[in-house]
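J.: Structure incoming, see below.
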Amino acid sequence: MIDFFNFSSATLIFIAFIIGICVFAQTLALVLRFFRHGLTTLGIFKTLLEFFILFEIFNFSLLYGQMLNGYNNGIAVPSGYTNIRILIFLLICILVLIVFKLKKSLLVLSVIPATMVSLPIIETVMGAAYPWFFIGTLIFFLSRSIKISIISAVDIRTSISSLSVMHAINTLPAGVLFSENDGYTILSNYQMQNLMIAITGKVFRDSIEFYKALLSGKYESRYKKAELDGKIVYLLADGTT
Amino acid sequence: MSINYGEHLYFALIYMSVVTLWSASVLRRSMQKGISYSAFFAGLILNGWALVRLIKYQIVVSDSLARYLWYSYYIFQLSLPLVILWMAWAVDKPEKETFPPKWWRTMAIFIGILIILVFTNDLHGLVFKLDLSRPDWGINYTYGFGYYIILFICMMNIAVAFFILLVKSLNSPRKKGFIFPLGIFILFGIYNYKYIMRDPFIYETDLTIVTGVFAMLMFETCIQSGLIPVNTKYIDIFKRSPLRMQILNKEKQLAIASAMSIPINKNAIEKVIASSPFPVLQEDESLLFANEIPGGYALWSEDVSKIQQLHREIQQSTERLREANIILAEEEEIKRTVNEKNAKKQLMEQLEDEIAENIEKLSTMIVNLQGSENHSMETTRIALLLCYTKRRCNLFFKEKEILSTDIDELIRYMDELCEIAKYSNVQIATVNKLQGYLTIRYATLFYDFFYTIVDLAIQKYCPYIIVDIGTEEEFIIMRLLPSVDIGVLTIESKLIEAITEAKGKVISKDIEDTIGISISFLKGVTIND
């Protein structure tokens with residue numbers, strides 16, 4: 001890491017900026033991957049892999065922070081964090097192999113050489129070229145996380161996920177509302193909100209209050225009440241029920 | 001508490017990671033676009049702020065770049081409460097109405113002006129009073145009037161957002177939970193006060209990260225306390241719901257199904273997706289709907305068996321009504337035919353009654369014709385009676401159909417009798433002063449009366465008769481003046497009855513050698529003089 005001392009202050013600031021963006025993008029990739037795959041076997045391992053890759057980026061930031069302290073204080077200090085660097089490398093390797101076995105995709109193996117860069121031995125072997133490998137790895141992780149985020153975001157929008165439930169319920173022409181026993185709304189669709197506005201002029205948070213308002217006839221000027229097969233039917237001004 | 005360059009980096013990275021996780025979690029939970037947008041922008045602002053802070057702390061020398069990076073904090077510090085305010089306003093608004101209102105846009109312009117004020121601080125020093133000649137200007141500075149305005153605007157926006165949320169949550173069953181975000185808001189106010197007052201402990205903390213943490217805490221406690229509505233546990237709720245619904249993936253395979261959903265065969269799935277948005281009626285009398293959603297299809301069915309049953313009952317009732325209608329129409333036709341026959345029969349009976357005496361009289365006259373002394377006169381009388389009977393029948397039918405008749409027609413009928421009377425040398429001169437229409441009943445009675453007089457005149461060899469038809473005061477009157485005395489006027493009782501019934505009068509007057517006879521009726525409405 002001492003070879004970073006040859007870099008200008010502006011370059012070092014830029015690298016810090018890259019690390020920041022990298023963390024942001026990797027966290028996003030982690031979340032989106034989790035949203036995309038959920039709690040399936042492959043999903044759990046993929047999410048875990050992304051989680052440890054995030055850790056690996058933090059690992060990189062630890063090395064970089066250590067270097068910055070030395071750079072700003074004018075003292076060359078050892079990178080340190082040897083055990084954690086090796087441990088994270090091993091964990092990532094195991095997860096990569098599991099994901100590879102489950103997914104049968106060679107692309108996932110590309111994470112291993114990138115993760116190797118954080119190993120103390122690689123740092124020693126690379127010597128003066130190490131900062132470039134360091135930066136290259138960051139760019140690799142950044143590109144990878146952006147790619148995963150985009151693919152996951154597109155996939156979430158085009159595959160079944162928990163969001164699909166909301167989309168499905170929102171497609172219903174009927175109003176749907178689920179609430180807890182005290183009336184607190186857990187899930188209500190757009191149609192239910194539109195109906196609340198059409199019938200009472202406002203959206204209710206308390207489903208019991210809404211139900212009471214319907215029975216009280218307080219808003220009777222906005223609808224006509226009828227009975228069909230033992231059920232109360234509200235005929236609205238727009239012709240819907 | 002002094003931290004080194006590395007620690008500045010670590011804390012910023014951890015903070016950014018937490019902010020991203022939290023924003024994504026809110027985005028996932030939110031069901032309203034306003035909340036989704038504000039969570040997204042809040043995440044973006046907090047991350048952007050942290051990134052600027054990260055760069056700022058990597059700068060060793062307190063130069064202009066470091067100062068302007070510091071100034072740029074206020075872009076985030078001022079816009080974050082604005083986003084929260086927008087979120088508070090957008091909660092419960094319909095999806096299409098989440099565009100910020102005019103007052104919010106005005107506030108955004110004001111915020112923009114405040115940001116410009118901060119960035120131009122080196123020119124006026126209204127926000128920070130800095131002594132740039134000192135190397136520690138970044139620590140030893142005081143606040144100007146502009147700073148307090150910025151702080152007030154920030155706190156005011158957050159307070160207004162809280163107030164809006166509180167008002168909107170008044171009908172929430174968990175409104176008491178408001179105490180938690182309120183507590184955090186008060187703590188945040190205290191923190192800001194202590195920071196400005198240079199409290200040794202507070203001043204050592206990182207304003208950016210602490211403000212971000214407070215913002216997230218306030219947002220999250222608002223969600224947890226029910227001030228900001230979010231949806232959670234969608235799949236679990238869906239699976240246990242009584243909706244008859246299922247979600248298919250793009251390959252049209254079942255992905256999630258609700259508790260009440262029923263298995264749908266592949267053909268039905270293909271059919272309903274092809275016909276979407278129109279439903280398909282299934283064998284079990286349920287309507288199957290399909291809608292495309294991101295990632296697949298939502299299928300749901302609605303039990304319309306009761307509606308179908310109702311529809312069938314209506315159809316059966318309609319059919320029964322149609323059949324009953326046909327029977328009623330046939331019955332009506334039969335009744336109409338019977339009534340027509342009865343009416344004809346009644347009519348013929350009435351006619352027969354009217355002319356029976358004339359027919360009998362005619363038969364007698366024909367029988368007696370051979371032995372009569374004056375063969376010519378009897379022949380004339382027979383002809384006269386035949387003509388009278390014929391026209392009398394006409395008038396009988398007219399009486400059944402119309403209320404009035406043209407006076408000219410009556411005159412024509414009378415002229416016919418006059419022409420026949422000529423064969424027995426009876427000359428009749430008729431003067432008619434009436435025009436227009438006459439009540440049909442009066443016309444009939446005039447005609448009956450005229451025939452009676454003419455027949456009598458033939459029998460009495462009366463050579464001339466003057467007939468005058470006109471009006472006198474409120475009466476329509478027919479005067480007959482025979483040239484000789486035709487003797488005592490003997491009118492059939494039936495005719496007299498009829499005239500009396502019509503409120504008519506028959507008057508005979510002695511005029512030297514003869515008598516004048518008149519028949520009159522009250523003017524009818526149809527008379528047109």
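Letters A, B, ... mark the chains of the structure tokens in the order given; residue numbers begin at 1 per chain; ligand numbers begin at 1, in order shown.
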Write down, as a VMD selection string, each residue of chain B that has any atom within 8 Å of an atom of chain A, counting only C-alpha atoms.

T.: chain B and resid 4 to 7 9 to 10 12 to 13 16 to 17 20 to 21 24 28 31 47 51 54 to 55 58 to 60 92 94 169 171 to 174 226 229 to 232 234 to 235 238 247 to 250 255 291 293 to 298

J.: When you look at Met365 in chain B with a cut-off of 10 Å (counting only C-alpha atoms), what residues show up, excluding the ones that are within fewer than 6 positions of it in the same chain? I need them as a ChimeraX atom specification.

T.: /B:359,372,378-379,381-382,385

J.: Based on the backbone DSSP call, show me all residues of range 43-228 of chain A assigned strand (DSSP E or B), as JSON, numbers by chain.

T.: {"A": [177, 178, 179, 184, 185, 186, 187, 188, 206, 223, 224, 225, 226, 227, 228]}

J.: Excluding Ser301 in chain B and any residue of its chain fewer than 3 positions from it, enumerate the residues within 8 Å of it, using only C-alpha atoms, and give them as a list of chain:residue names.

T.: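 Final neighbour list, sorted by chain and number: B:Arg244, B:Met245, B:Ser286, B:Leu287, B:Leu288, B:Phe289.
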
J.: Grab the residues selected above and save them as an mmCIF file, in the first residue's frame with C-alpha atoms.

T.:
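Output contents, as saved in again_22.cif:
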```
data_model
loop_
_atom_site.group_PDB
_atom_site.id
_atom_site.type_symbol
_atom_site.label_atom_id
_atom_site.label_comp_id
_atom_site.auth_asym_id
_atom_site.auth_seq_id
_atom_site.Cartn_x
_atom_site.Cartn_y
_atom_site.Cartn_z
ATOM 1 C CA ARG B 244 -59.837 -16.174 -5.417
ATOM 2 C CA MET B 245 -56.605 -15.136 -7.048
ATOM 3 C CA SER B 286 -67.417 -18.144 -12.352
ATOM 4 C CA LEU B 287 -65.849 -15.411 -14.428
ATOM 5 C CA LEU B 288 -62.117 -15.792 -14.879
ATOM 6 C CA PHE B 289 -60.138 -12.560 -15.335
#
```

J.: Identify which of the residues B:Ile517, B:Val506, B:Ile149, B:Val454 lies closest to Val127 in chain B, counting only C-alpha atoms when measuring atom-to-atom distances.

T.: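 Checking each of B:Ile517, B:Val506, B:Ile149, B:Val454 against Val127 in chain B, counting only C-alpha atoms, the winner is B:Ile149.
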
J.: Using only C-alpha atoms, which of A:Thr200, A:Ile2, A:Ile122, A:Leu49 sits nearest Ser216 in chain A?

T.: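 Going through A:Thr200, A:Ile2, A:Ile122, A:Leu49 one by one, the smallest distance to Ser216 in chain A is for A:Thr200.
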
J.: Quick one: distance from CA of Ala114 in chain A to CA of Ile146 in chain A in Å, one decimal?

T.: 16.0 Å

J.: Write out as a ChimeraX atom specification the set of residues from range 186-229 of chain A that DSSP, computed on the backbone, places in alpha helix (DSSP H).

T.: /A:190-200,207-216

J.: Those residues you just picked out, can you put them in a file as a PDB file, in the first residue's frame with C-alpha atoms?

T.:
```pdb
ATOM      1  CA  TYR A 190     -55.562   1.595  -5.200  1.00  0.00           C
ATOM      2  CA  GLN A 191     -59.156   0.705  -5.917  1.00  0.00           C
ATOM      3  CA  MET A 192     -59.976   0.644  -2.215  1.00  0.00           C
ATOM      4  CA  GLN A 193     -58.388   4.062  -1.779  1.00  0.00           C
ATOM      5  CA  ASN A 194     -60.344   5.373  -4.765  1.00  0.00           C
ATOM      6  CA  LEU A 195     -63.529   3.927  -3.292  1.00  0.00           C
ATOM      7  CA  MET A 196     -62.819   5.535   0.073  1.00  0.00           C
ATOM      8  CA  ILE A 197     -62.375   8.887  -1.656  1.00  0.00           C
ATOM      9  CA  ALA A 198     -65.501   8.363  -3.793  1.00  0.00           C
ATOM     10  CA  ILE A 199     -67.636   7.371  -0.800  1.00  0.00           C
ATOM     11  CA  THR A 200     -66.263   9.581   1.969  1.00  0.00           C
ATOM     12  CA  SER A 207     -60.606   0.205   8.570  1.00  0.00           C
ATOM     13  CA  ILE A 208     -63.035  -0.088  11.508  1.00  0.00           C
ATOM     14  CA  GLU A 209     -63.701   3.653  11.325  1.00  0.00           C
ATOM     15  CA  PHE A 210     -64.300   3.337   7.582  1.00  0.00           C
ATOM     16  CA  TYR A 211     -66.702   0.454   8.115  1.00  0.00           C
ATOM     17  CA  LYS A 212     -68.548   2.404  10.813  1.00  0.00           C
ATOM     18  CA  ALA A 213     -68.729   5.437   8.495  1.00  0.00           C
ATOM     19  CA  LEU A 214     -70.329   3.246   5.832  1.00  0.00           C
ATOM     20  CA  LEU A 215     -72.912   1.868   8.224  1.00  0.00           C
ATOM     21  CA  SER A 216     -73.700   5.252   9.767  1.00  0.00           C
TER      22      SER A 216
END
```

J.: Write out as an mmCIF file with C-alpha atoms, in the first residue's frame which residues come within 9 Å of Asp131 in chain B when counting only C-alpha atoms, dropping same-chain ones fewer than 5 positions away.

T.:
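around-v2.cif was written with the following content:
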```
data_model
loop_
_atom_site.group_PDB
_atom_site.id
_atom_site.type_symbol
_atom_site.label_atom_id
_atom_site.label_comp_id
_atom_site.auth_asym_id
_atom_site.auth_seq_id
_atom_site.Cartn_x
_atom_site.Cartn_y
_atom_site.Cartn_z
ATOM 1 C CA ASP B 136 -8.426 27.097 11.720
ATOM 2 C CA TRP B 137 -11.310 29.009 10.077
ATOM 3 C CA ASN B 140 -13.361 28.901 14.880
ATOM 4 C CA TYR B 141 -16.258 30.632 13.217
#
```

J.: Considering only C-alpha atoms, return as a compact mmCIF listing (two decimals) with N, CA and C atoms, in the first residue's frame whatever protein or nucleic-acid residues lie within 9 Å of Gly125 in chain B, sequence-local ones (same chain, fewer than 4 positions apart) excluded.

T.:
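File written: result-v3.txt
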```txt
# COMPACT_ATOMS: atom_id res chain seq x y z
N VAL B 118 -25.82 30.65 0.79
CA VAL B 118 -24.71 29.92 1.44
C VAL B 118 -23.48 29.95 0.53
N THR B 120 -22.61 32.02 -1.64
CA THR B 120 -22.02 33.35 -1.81
C THR B 120 -21.56 33.94 -0.46
N ASN B 121 -21.46 33.04 0.52
CA ASN B 121 -21.12 33.49 1.88
C ASN B 121 -19.78 34.24 1.92
N LYS B 129 -19.62 33.58 9.75
CA LYS B 129 -18.63 34.66 9.89
C LYS B 129 -17.27 33.99 10.01
N LEU B 130 -16.58 33.97 8.89
CA LEU B 130 -15.31 33.25 8.82
C LEU B 130 -14.14 34.24 8.77
N TYR B 143 -21.91 32.11 13.68
CA TYR B 143 -23.03 32.05 12.73
C TYR B 143 -23.61 33.44 12.48
N GLY B 144 -24.00 33.64 11.23
CA GLY B 144 -24.66 34.89 10.87
C GLY B 144 -26.17 34.71 10.84
N GLY B 146 -28.21 34.62 8.35
CA GLY B 146 -28.64 33.67 7.32
C GLY B 146 -28.67 32.23 7.82
```

J.: Restricting the calculation to only C-alpha atoms: of B:Gln346, B:Ser133, B:Thr337, B:Ser25, which residue gets closest to Asp63 in chain B?

T.: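 Among B:Gln346, B:Ser133, B:Thr337, B:Ser25, it is B:Ser133 that comes nearest to Asp63 in chain B.
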
J.: I'd like the neighbourhood of range 188-203 of chain B as a list in words, where a residue qualifies if any of its atoms comes within 8 Å (using only C-alpha atoms), though same-chain residues fewer than 3 positions away should be ignored.

T.: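 Counting only the stated atoms, we get Met1, Met155, Ile184, Phe185, Asp206, Thr211 and Phe214 of chain B.
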
J.: Nearest residue to Phe178 in chain B out of B:Ile228, B:Ile209, B:Ile158, B:Ile420, using only C-alpha atoms?

T.: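 Answer, going by the shortest atom-to-atom distance: B:Ile228.
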